[in-house]
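Novice: Sharing upload.tsv, TSV, C-alpha atoms:
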```
chain	number	residue	atom	x	y	z
W	1	MET	CA	0.00	0.00	0.00
W	2	THR	CA	1.14	3.52	-0.71
W	3	SER	CA	1.93	5.34	2.50
W	4	LEU	CA	0.16	8.68	2.81
W	5	ASN	CA	2.07	9.65	5.91
W	6	ARG	CA	5.72	9.47	4.90
W	7	PRO	CA	8.15	9.08	6.60
W	8	ALA	CA	6.22	7.88	9.69
W	9	ARG	CA	6.73	4.17	9.05
W	10	LEU	CA	10.48	4.56	8.43
W	11	ASN	CA	10.95	6.74	11.52
W	12	ARG	CA	8.97	4.49	13.84
W	13	GLY	CA	10.65	1.36	12.49
W	14	LEU	CA	14.20	2.65	12.88
W	15	LEU	CA	13.48	4.20	16.29
W	16	ALA	CA	12.09	0.85	17.47
W	17	VAL	CA	15.17	-1.05	16.20
W	18	LEU	CA	17.59	1.38	17.86
W	19	GLY	CA	15.52	1.36	21.06
W	20	VAL	CA	15.56	-2.45	21.25
W	21	LEU	CA	19.35	-2.51	20.62
W	22	LEU	CA	20.01	0.06	23.37
W	23	VAL	CA	17.72	-1.70	25.88
W	24	ALA	CA	19.32	-5.09	25.11
W	25	ALA	CA	22.85	-3.72	25.48
W	26	GLY	CA	21.93	-1.96	28.74
W	27	VAL	CA	20.25	-5.05	30.21
W	28	LEU	CA	23.24	-7.28	29.29
W	29	ALA	CA	25.71	-4.83	30.81
W	30	PHE	CA	23.65	-4.47	33.98
W	31	ALA	CA	23.19	-8.25	34.30
W	32	THR	CA	26.96	-8.75	34.03
W	33	HIS	CA	27.54	-5.92	36.52
W	34	SER	CA	25.27	-7.51	39.13
W	35	ARG	CA	26.69	-11.03	38.49
W	36	TRP	CA	23.34	-12.45	37.27
W	37	LEU	CA	24.94	-13.25	33.97
W	38	THR	CA	28.42	-14.76	33.87
W	39	LEU	CA	28.87	-14.90	30.10
W	40	LEU	CA	31.69	-12.44	30.73
W	41	ASP	CA	33.65	-12.54	33.96
W	42	PRO	CA	32.24	-9.64	36.02
W	43	ALA	CA	35.67	-9.07	37.59
W	44	SER	CA	37.35	-8.62	34.22
W	45	PRO	CA	37.92	-5.17	32.66
W	46	LEU	CA	35.60	-3.84	29.90
W	47	VAL	CA	38.36	-4.19	27.25
W	48	PRO	CA	41.19	-6.74	27.51
W	49	GLY	CA	44.16	-4.55	26.57
W	50	THR	CA	45.33	-1.07	25.67
W	51	ALA	CA	47.42	-1.93	22.59
W	52	LEU	CA	46.45	-0.37	19.24
W	53	PRO	CA	44.42	-2.86	17.12
W	54	PRO	CA	45.92	-4.16	13.84
W	55	THR	CA	45.61	-1.79	10.85
W	56	TRP	CA	43.01	-3.91	9.05
W	57	VAL	CA	40.66	-3.52	12.04
W	58	LEU	CA	40.99	0.27	11.71
W	59	TYR	CA	40.12	0.02	7.99
W	60	VAL	CA	37.04	-2.08	8.77
W	61	VAL	CA	35.96	0.35	11.51
W	62	ALA	CA	36.37	3.33	9.15
W	63	VAL	CA	34.36	1.67	6.36
W	64	VAL	CA	31.55	0.59	8.69
W	65	ALA	CA	31.37	4.08	10.22
W	66	VAL	CA	31.24	5.71	6.75
W	67	VAL	CA	28.42	3.38	5.63
W	68	LEU	CA	26.44	3.97	8.85
W	69	GLY	CA	26.99	7.73	8.53
W	70	LEU	CA	25.68	7.73	4.95
W	71	LEU	CA	22.62	5.75	6.05
W	72	CYS	CA	22.01	8.37	8.77
W	73	LEU	CA	22.22	11.12	6.12
W	74	ARG	CA	19.68	9.21	4.04
W	75	TRP	CA	17.40	9.00	7.08
W	76	LEU	CA	17.74	12.75	7.66
W	77	LEU	CA	16.94	13.51	4.01
W	78	ALA	CA	13.86	11.25	4.21
W	79	GLN	CA	12.35	13.75	6.68
W	80	PHE	CA	11.86	16.20	3.82
W	81	ALA	CA	10.06	13.74	1.51
W	82	ARG	CA	6.54	14.01	2.86
W	83	ARG	CA	4.44	13.60	-0.26
W	84	PRO	CA	3.40	10.07	-1.20
W	85	LYS	CA	5.51	8.38	-3.88
W	86	THR	CA	4.37	8.94	-7.43
W	87	GLN	CA	5.08	6.73	-10.44
W	88	THR	CA	4.99	6.76	-14.21
W	89	TRP	CA	2.04	4.86	-15.65
W	90	HIS	CA	2.24	2.73	-18.76
W	91	TYR	CA	-0.71	2.28	-21.09
W	92	GLU	CA	-0.24	-0.67	-23.43
W	93	THR	CA	-2.97	-2.26	-25.43
W	94	ASP	CA	-0.80	-3.63	-28.24
W	95	PRO	CA	2.99	-3.46	-27.77
W	96	ALA	CA	3.51	-3.62	-31.56
W	97	LEU	CA	1.72	-0.28	-31.93
W	98	GLY	CA	3.85	1.39	-29.28
W	99	HIS	CA	2.95	2.46	-25.79
W	100	THR	CA	2.01	5.54	-23.82
W	101	GLU	CA	3.69	6.73	-20.66
W	102	LEU	CA	2.10	9.14	-18.24
W	103	ALA	CA	3.77	10.81	-15.29
W	104	ALA	CA	0.95	10.34	-12.79
W	105	ASP	CA	1.90	13.43	-10.84
W	106	ALA	CA	1.76	15.71	-13.90
W	107	ALA	CA	-1.60	14.25	-14.92
W	108	VAL	CA	-3.39	15.86	-11.98
W	109	ALA	CA	-2.07	19.41	-12.62
W	110	PRO	CA	-5.20	20.61	-14.48
W	111	PHE	CA	-7.38	19.05	-11.78
W	112	THR	CA	-5.41	20.93	-9.10
W	113	GLU	CA	-5.77	24.21	-11.02
W	114	GLU	CA	-9.52	23.70	-11.22
W	115	LEU	CA	-9.69	22.88	-7.52
W	116	ARG	CA	-7.77	26.06	-6.67
W	117	ALA	CA	-10.30	28.12	-8.56
W	118	THR	CA	-13.22	26.66	-6.56
W	119	GLU	CA	-15.00	29.09	-4.28
W	120	GLY	CA	-13.79	28.89	-0.70
W	121	VAL	CA	-10.50	27.16	-1.60
W	122	HIS	CA	-7.43	29.09	-0.51
W	123	ALA	CA	-4.81	26.63	-1.78
W	124	ALA	CA	-4.73	23.03	-2.98
W	125	HIS	CA	-2.20	20.27	-3.65
W	126	ALA	CA	-2.88	16.93	-5.25
W	127	THR	CA	-0.65	13.86	-5.45
W	128	LEU	CA	-1.53	10.84	-7.53
W	129	ALA	CA	0.34	7.98	-5.90
W	130	GLY	CA	0.67	4.26	-6.49
W	131	PRO	CA	0.69	2.13	-9.66
W	132	ARG	CA	-2.07	2.31	-12.26
W	133	THR	CA	-3.67	-0.85	-10.91
W	134	SER	CA	-4.14	0.61	-7.44
W	135	PRO	CA	-3.95	4.39	-7.59
W	136	ALA	CA	-4.55	6.72	-4.65
W	137	LEU	CA	-5.25	10.40	-4.88
W	138	ALA	CA	-4.09	12.44	-1.89
W	139	LEU	CA	-5.52	15.95	-1.71
W	140	VAL	CA	-4.54	18.74	0.67
W	141	VAL	CA	-7.07	21.54	0.51
W	142	THR	CA	-6.69	24.79	2.44
W	143	VAL	CA	-10.10	26.35	3.04
W	144	ASP	CA	-10.85	30.04	3.65
W	145	GLN	CA	-12.43	31.04	6.95
W	146	ASP	CA	-15.78	31.51	5.17
W	147	GLY	CA	-15.32	28.49	2.91
W	148	ASP	CA	-17.52	25.46	3.47
W	149	PRO	CA	-15.65	22.13	3.38
W	150	ARG	CA	-18.93	20.26	2.82
W	151	ARG	CA	-19.64	22.15	-0.36
W	152	ILE	CA	-16.06	21.74	-1.62
W	153	ARG	CA	-16.26	18.01	-0.99
W	154	GLU	CA	-19.63	17.73	-2.69
W	155	ARG	CA	-18.29	19.50	-5.75
W	156	LEU	CA	-15.27	17.19	-5.78
W	157	THR	CA	-17.29	13.97	-5.58
W	158	GLU	CA	-19.96	15.06	-8.03
W	159	GLU	CA	-17.96	16.88	-10.70
W	160	SER	CA	-14.18	16.99	-10.49
W	161	LEU	CA	-13.34	13.46	-9.38
W	162	PRO	CA	-15.55	11.65	-11.94
W	163	ARG	CA	-14.04	13.84	-14.67
W	164	LEU	CA	-10.51	13.04	-13.52
W	165	ARG	CA	-11.34	9.31	-13.40
W	166	GLN	CA	-12.63	9.52	-16.94
W	167	ALA	CA	-9.57	11.44	-18.15
W	168	LEU	CA	-7.20	8.91	-16.61
W	169	ASP	CA	-9.28	5.96	-17.83
W	170	LEU	CA	-9.73	4.51	-14.35
W	171	ASP	CA	-12.70	2.62	-12.94
W	172	ASP	CA	-11.95	3.49	-9.38
W	173	LEU	CA	-9.86	6.24	-7.84
W	174	PRO	CA	-9.83	6.24	-4.03
W	175	ALA	CA	-9.22	9.75	-2.76
W	176	THR	CA	-8.31	11.16	0.63
W	177	ILE	CA	-8.77	14.81	1.47
W	178	GLU	CA	-6.90	16.62	4.20
W	179	PHE	CA	-8.56	19.94	4.97
W	180	ARG	CA	-6.56	22.78	6.41
W	181	PHE	CA	-8.19	26.00	7.45
W	182	SER	CA	-6.84	29.39	6.69
W	183	THR	CA	-8.14	32.21	8.88
W	184	ALA	CA	-7.98	34.54	5.88
W	185	ARG	CA	-11.33	35.40	4.37
W	186	GLY	CA	-11.87	34.61	0.72
W	187	ALA	CA	-12.70	37.16	-1.99
W	188	ARG	CA	-16.44	37.71	-1.95
W	189	THR	CA	-18.02	36.93	-5.28
W	190	HIS	CA	-21.53	37.95	-4.38
H	191	MET	CA	-8.85	9.96	7.50
H	192	LYS	CA	-6.69	10.03	10.58
H	193	ARG	CA	-3.05	10.85	10.80
H	194	ARG	CA	-0.68	10.29	13.67
H	195	PRO	CA	2.61	12.09	14.36
H	196	ARG	CA	5.52	11.14	12.13
H	197	ARG	CA	8.06	11.30	14.99
H	198	SER	CA	10.26	13.54	12.89
H	199	THR	CA	11.86	15.29	15.85
H	200	ALA	CA	12.91	12.06	17.57
H	201	ALA	CA	14.12	10.64	14.25
H	202	THR	CA	16.12	13.77	13.35
H	203	LEU	CA	17.77	13.96	16.78
H	204	THR	CA	18.67	10.25	16.76
H	205	ALA	CA	20.03	10.43	13.22
H	206	LEU	CA	22.14	13.49	14.08
H	207	VAL	CA	23.61	11.86	17.20
H	208	VAL	CA	24.48	8.62	15.36
H	209	LEU	CA	25.87	10.64	12.45
H	210	ALA	CA	28.10	12.66	14.79
H	211	GLY	CA	29.36	9.42	16.36
H	212	CYS	CA	30.09	7.94	12.93
H	213	VAL	CA	32.01	11.06	11.83
H	214	LEU	CA	34.13	11.00	15.01
H	215	VAL	CA	34.92	7.28	14.70
H	216	THR	CA	35.82	7.62	10.98
H	217	VAL	CA	38.11	10.60	11.55
H	218	VAL	CA	39.92	8.96	14.47
H	219	ALA	CA	40.33	5.65	12.58
H	220	VAL	CA	41.76	7.42	9.51
H	221	GLN	CA	44.08	9.53	11.69
H	222	LEU	CA	45.40	6.36	13.37
H	223	ILE	CA	45.89	4.69	9.96
H	224	ILE	CA	47.92	7.56	8.47
H	225	GLY	CA	49.82	8.19	11.68
H	226	GLU	CA	48.40	11.64	12.47
H	227	ARG	CA	47.74	12.76	16.02
H	228	PRO	CA	44.06	11.67	16.57
H	229	TRP	CA	41.34	14.01	17.90
H	230	VAL	CA	40.71	11.56	20.72
H	231	SER	CA	43.69	9.86	22.33
H	232	TYR	CA	43.30	6.12	21.76
H	233	PRO	CA	45.52	5.03	24.71
H	234	ALA	CA	43.57	7.31	27.08
H	235	VAL	CA	40.18	5.82	26.11
H	236	ALA	CA	41.45	2.22	25.98
H	237	GLY	CA	43.27	2.71	29.30
H	238	ALA	CA	40.15	4.08	31.00
H	239	LEU	CA	38.04	1.14	29.70
H	240	ASN	CA	40.79	-1.31	30.69
H	241	ARG	CA	40.89	0.01	34.26
H	242	THR	CA	37.08	-0.25	34.60
H	243	GLN	CA	35.66	-3.62	35.59
H	244	TRP	CA	32.14	-4.87	34.90
H	245	THR	CA	31.43	-4.64	38.62
H	246	ASN	CA	32.33	-0.94	38.71
H	247	TRP	CA	29.39	1.38	39.44
H	248	TRP	CA	30.22	3.39	36.30
H	249	THR	CA	29.24	0.32	34.28
H	250	ALA	CA	25.89	0.12	36.09
H	251	PHE	CA	25.33	3.84	35.48
H	252	GLY	CA	26.06	3.44	31.76
H	253	ALA	CA	23.82	0.37	31.53
H	254	ILE	CA	20.88	2.14	33.20
H	255	ALA	CA	21.35	5.19	30.96
H	256	ALA	CA	21.28	2.94	27.87
H	257	VAL	CA	18.09	1.20	29.05
H	258	VAL	CA	16.33	4.52	29.79
H	259	LEU	CA	17.35	6.03	26.44
H	260	GLY	CA	16.34	2.83	24.61
H	261	LEU	CA	12.93	2.84	26.33
H	262	CYS	CA	12.42	6.48	25.28
H	263	LEU	CA	13.13	5.57	21.64
H	264	LEU	CA	10.85	2.52	21.87
H	265	LEU	CA	8.01	4.58	23.35
H	266	ALA	CA	8.41	7.20	20.60
H	267	ALA	CA	8.16	4.39	18.06
H	268	ILE	CA	5.23	2.52	19.60
H	269	LEU	CA	2.96	5.16	21.16
H	270	PRO	CA	0.49	6.38	18.53
H	271	GLY	CA	0.53	9.97	19.78
H	272	LYS	CA	-2.06	12.71	19.44
H	273	ARG	CA	-3.84	12.77	16.11
H	274	THR	CA	-2.54	15.46	13.80
H	275	VAL	CA	-5.42	14.98	11.37
H	276	LEU	CA	-8.93	14.47	12.76
H	277	PRO	CA	-11.39	12.31	10.81
H	278	LEU	CA	-14.37	14.00	9.16
H	279	HIS	CA	-17.79	12.62	8.40
H	280	GLY	CA	-18.78	11.50	4.91
H	281	ALA	CA	-17.16	10.35	1.68
H	282	PRO	CA	-14.52	10.53	0.32
H	283	ASP	CA	-12.24	9.74	3.23
H	284	SER	CA	-11.28	13.12	4.65
H	285	GLY	CA	-9.76	14.74	7.69
H	286	ALA	CA	-9.00	18.13	9.19
H	287	SER	CA	-5.54	19.15	10.35
H	288	ARG	CA	-5.72	19.60	14.08
H	289	ALA	CA	-3.82	22.89	14.41
H	290	SER	CA	-5.83	24.68	11.75
H	291	TYR	CA	-9.08	23.16	13.05
H	292	ARG	CA	-8.40	24.93	16.30
H	293	SER	CA	-7.49	28.20	14.63
H	294	THR	CA	-10.63	28.23	12.48
H	295	LEU	CA	-12.80	27.66	15.57
H	296	ARG	CA	-10.96	30.48	17.30
H	297	ALA	CA	-11.53	32.73	14.30
H	298	ALA	CA	-15.25	31.83	14.41
H	299	ALA	CA	-15.40	32.78	18.10
H	300	THR	CA	-13.50	36.03	17.53
H	301	SER	CA	-15.82	37.02	14.69
H	302	VAL	CA	-18.68	37.45	17.17
H	303	ASP	CA	-19.36	41.11	17.91
H	304	GLY	CA	-18.04	42.11	21.32
H	305	VAL	CA	-15.34	39.43	21.56
H	306	SER	CA	-11.85	40.90	21.83
H	307	ALA	CA	-9.84	37.70	22.28
H	308	ALA	CA	-10.54	33.97	22.27
H	309	LYS	CA	-8.72	30.81	23.27
H	310	VAL	CA	-9.75	27.34	22.16
H	311	ARG	CA	-8.81	24.04	23.77
H	312	LEU	CA	-9.61	20.85	21.92
H	313	GLY	CA	-10.54	17.77	23.88
H	314	ARG	CA	-11.70	14.41	22.61
H	315	ARG	CA	-15.35	15.11	23.33
H	316	ARG	CA	-15.36	18.75	24.20
H	317	VAL	CA	-14.20	22.05	22.81
H	318	ARG	CA	-13.56	24.68	25.44
H	319	VAL	CA	-13.72	28.27	24.28
H	320	ARG	CA	-12.63	31.11	26.55
H	321	VAL	CA	-13.45	34.57	25.28
H	322	GLN	CA	-12.65	37.99	26.64
H	323	THR	CA	-14.83	41.00	26.16
H	324	HIS	CA	-14.60	44.73	26.74
H	325	ARG	CA	-18.32	44.94	27.28
H	326	SER	CA	-19.61	45.52	30.74
H	327	ARG	CA	-22.75	43.47	30.05
H	328	GLU	CA	-22.17	39.95	28.88
H	329	ASP	CA	-25.81	39.10	28.12
H	330	GLY	CA	-26.15	36.76	25.22
H	331	LEU	CA	-22.46	36.70	24.41
H	332	THR	CA	-22.06	33.09	25.55
H	333	GLU	CA	-24.92	31.97	23.33
H	334	ALA	CA	-23.65	33.97	20.36
H	335	VAL	CA	-20.15	32.50	20.64
H	336	ARG	CA	-21.53	28.99	21.07
H	337	ALA	CA	-23.74	29.45	18.00
H	338	ALA	CA	-20.81	30.73	15.89
H	339	VAL	CA	-18.48	27.89	16.93
H	340	THR	CA	-21.21	25.25	16.50
H	341	HIS	CA	-22.01	26.60	13.04
H	342	ARG	CA	-18.36	26.30	11.99
H	343	LEU	CA	-18.24	22.79	13.48
H	344	ASP	CA	-21.32	21.84	11.45
H	345	GLU	CA	-19.64	23.08	8.28
H	346	ILE	CA	-16.51	21.05	9.01
H	347	GLY	CA	-18.40	17.94	10.11
H	348	PRO	CA	-16.08	15.96	12.42
H	349	VAL	CA	-16.92	12.25	12.87
H	350	ALA	CA	-17.56	12.79	16.59
H	351	PRO	CA	-18.94	16.33	16.95
H	352	PRO	CA	-17.64	17.71	20.24
H	353	ALA	CA	-19.76	19.58	22.77
H	354	VAL	CA	-18.99	23.30	22.89
H	355	ARG	CA	-18.34	24.97	26.22
H	356	VAL	CA	-17.99	28.70	26.38
H	357	ALA	CA	-16.61	30.80	29.22
H	358	VAL	CA	-16.74	34.59	29.05
H	359	SER	CA	-14.52	36.86	31.09
H	360	ALA	CA	-14.65	40.63	31.13
H	361	MET	CA	-11.43	42.51	30.52
H	362	ARG	CA	-10.63	44.94	33.29
H	363	SER	CA	-10.58	48.51	32.08
H	364	THR	CA	-7.65	50.32	33.63
```
Please re-express this file's structure in structure tokens.
Specialist:
Amino acid sequence: MTSLNRPARLNRGLLAVLGVLLVAAGVLAFATHSRWLTLLDPASPLVPGTALPPTWVLYVVAVVAVVLGLLCLRWLLAQFARRPKTQTWHYETDPALGHTELAADAAVAPFTEELRATEGVHAAHATLAGPRTSPALALVVTVDQDGDPRRIRERLTEESLPRLRQALDLDDLPATIEFRFSTARGARTH
Amino acid sequence: MKRRPRRSTAATLTALVVLAGCVLVTVVAVQLIIGERPWVSYPAVAGALNRTQWTNWWTAFGAIAAVVLGLCLLLAAILPGKRTVLPLHGAPDSGASRASYRSTLRAAATSVDGVSAAKVRLGRRRVRVRVQTHRSREDGLTEAVRAAVTHRLDEIGPVAPPAVRVAVSAMRST
């Protein structure tokens, strides 16, 4: 399933793994300290000697630290990728006659423009995520203080969404709408 | 549609700490390989660890600190947290962002004539609105604020419509 709340799953997963590692290490150390666990001799020092390790160990340590550091950078960068993942769709009825490719994200641009022009809508973003077989439309609509979310939603379900489904040649297009409210008042048209 | 916190703060902090550790370890390892004077003296660290036994209370302190920190990370990962998007009634699946939901209710309360400031607290079943007024007579103000907030709530249509409680306090004129 396409995640609509990136990067929550990644963050929670990695935090859980690191948490379990830290707890396990702490429990082992404490068990050895209080002589419940004698896997290591509690009377022995934490490290056996003070001599410098062989050079190859230093190389291995450096490489492992660089890889871990790069993974951390990747994790940090993932915090900025909040929109659901979009893909390129392929339409192929007969490969001999060629095929059509459609960047799913670009396909919703006219729909977004239309949504922005709707009365009561302050701003709007749309992301068409997932493969063509199971698409998901994620909308973020910012509503004016005097805008009515019910009416915006009605207009979406009755006019805009069926038209978009037809344009994309889809039988079903599950949509989610996140409403945000702006305290600015919209331009009065009447 | 509901949405729970992404735990971005905890993730960013953890990633930064681990990254800093990785940078330090890499630099020291490379300095030892090429024979430079390392940032952290290897004999000093190894000597300190070599002098410390498992039975030392420093070991217990470190172990307890690791367990506490690990539990904090685990809780951040497991606890669902306060919803950041509240579910709304009707199709298609929709929700309202919590922060702006509060601000739009506050704006609705402030729009009532006679209200000079408003504060809104969101509960699971109740919305508490505190308004301040310059008026000396507060007749009808409570009802007017409740009507304005309830009207906005009706427009938004949360799955579980909260009860609206209004408290009016007069501002002291100095």
Novice: So that I can see what lies close to Thr38 (chain W), please list as a list in words the residues with an atom at most 12 Å from it, counting all atoms listed in the file and leaving out residues fewer than 5 positions away in the same chain.
Specialist: Leu28, Ala29, Phe30, Ala31, Thr32, His33, Ala43 and Ser44 of chain W; Trp244 and Thr245 of chain H
Novice: Give me the residues near region 309-325 of chain H as a VMD selection string, where near means some atom within 10 Å (using only C-alpha atoms) and where sequence neighbours in that chain fewer than 2 positions away do not count.
Specialist: chain H and resid 288 to 289 291 to 297 299 to 300 303 to 307 327 to 329 331 to 332 335 to 336 339 to 340 350 to 363
Novice: Need the shell around Arg82 (chain W): protein/DNA/RNA residues with any atom at most 8 Å away, counting only C-alpha atoms. Skip same-chain ones fewer than 6 positions apart. Format as a list in words?
Specialist: Asn5, Arg6 and Pro7 of chain W
Novice: Quick one: residues within 9 Å of (40.3, -3.4, 27.6) (file frame), counting only C-alpha atoms, please, as an NGL selection string.
Specialist: (:W and (44-51)) or (:H and (236-242))
Novice: Could you state the separation of CA of Lys192 (chain H) and CA of Gly285 (chain H) in Å, given to one decimal place?
Specialist: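 Value for the CA of Lys192 (chain H)-CA of Gly285 (chain H) distance: 6.3 Å.
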Novice: Taking all atoms listed in the file into account, name the residue in W:His99, W:His125, W:Arg150, W:Arg116 that is nearest to Leu137 (chain W).
Specialist: W:His125
Novice: Name the closest residue to chain W among the candidates H:Thr274, H:Thr199, H:Ser290, H:Ser231; distances are taken between atoms, counting all atoms listed in the file.
Specialist: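 Closest to chain W, using all atoms listed in the file: H:Ser290.
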Novice: How far is it from CA of Gly130 (chain W) to CA of Leu168 (chain W), in Å with one decimal?
Specialist: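 CA of Leu168 (chain W) lies 13.6 Å from CA of Gly130 (chain W).
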Novice: Let me have the centre and edge lengths of the axis-aligned box enclosing all listed atoms of region 302-310 of chain H with 3 Å padding on every side, in Å to one decimal, as lines of an AutoDock Vina configuration file.
Specialist:
```
center_x = -14.0
center_y = 34.7
center_z = 20.2
size_x = 16.6
size_y = 20.8
size_z = 12.1
```
Novice: If we count only C-alpha atoms and set the cut-off at 8 Å, which residues sit around Leu18 (chain W), ignoring sequence neighbours fewer than 4 positions away in its own chain? Please answer as a list of chain:residue names.
Specialist: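 Neighbouring residues, sequence-local ones excluded: W:Leu14, W:Leu22, H:Gly260, H:Leu263, H:Leu264.
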Novice: Take the residues from that selection and put them in a file with C-alpha atoms, as a PDB file, in the coordinates of the input.
Specialist:
```
ATOM      1  CA  LEU W  14      14.200   2.650  12.880  1.00  0.00           C
ATOM      2  CA  LEU W  22      20.010   0.060  23.370  1.00  0.00           C
TER       3      LEU W  22
ATOM      4  CA  GLY H 260      16.340   2.830  24.610  1.00  0.00           C
ATOM      5  CA  LEU H 263      13.130   5.570  21.640  1.00  0.00           C
ATOM      6  CA  LEU H 264      10.850   2.520  21.870  1.00  0.00           C
TER       7      LEU H 264
END
```
Novice: Report the distance between CA of Val258 (chain H) and CA of Leu76 (chain W) in Å, rounded to one decimal place.
Specialist: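 Answer for the CA of Val258 (chain H) to CA of Leu76 (chain W) separation: 23.7 Å.
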Novice: Measuring between all atoms listed in the file, which one of H:Leu214, H:Leu203, H:Ala337, H:Ala256 shows the shortest distance to chain W?
Specialist: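 Checking each of H:Leu214, H:Leu203, H:Ala337, H:Ala256 against chain W, counting all atoms listed in the file, the winner is H:Ala256.
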Novice: I need the residue nearest chain W from this list: H:Leu343, H:Ala286, H:Val207, H:Ala281. Use only C-alpha atoms for the distance.
Specialist: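 When distances to chain W are compared using only C-alpha atoms, the smallest one comes from H:Ala286.
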Novice: I need the residue nearest chain W from this list: H:Gly330, H:Gly271, H:Pro195, H:Gly225. Use all atoms listed in the file for the distance.
Specialist: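 Nearest candidate to chain W out of H:Gly330, H:Gly271, H:Pro195, H:Gly225: H:Pro195.
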Novice: Would you list the contacts of Leu10 (chain W) as a PyMOL selection string, taking every protein, DNA or RNA residue within 9 Å and counting all atoms listed in the file, but skipping same-chain residues closer than 5 positions in sequence?
Specialist: chain W and resi 15+75+78
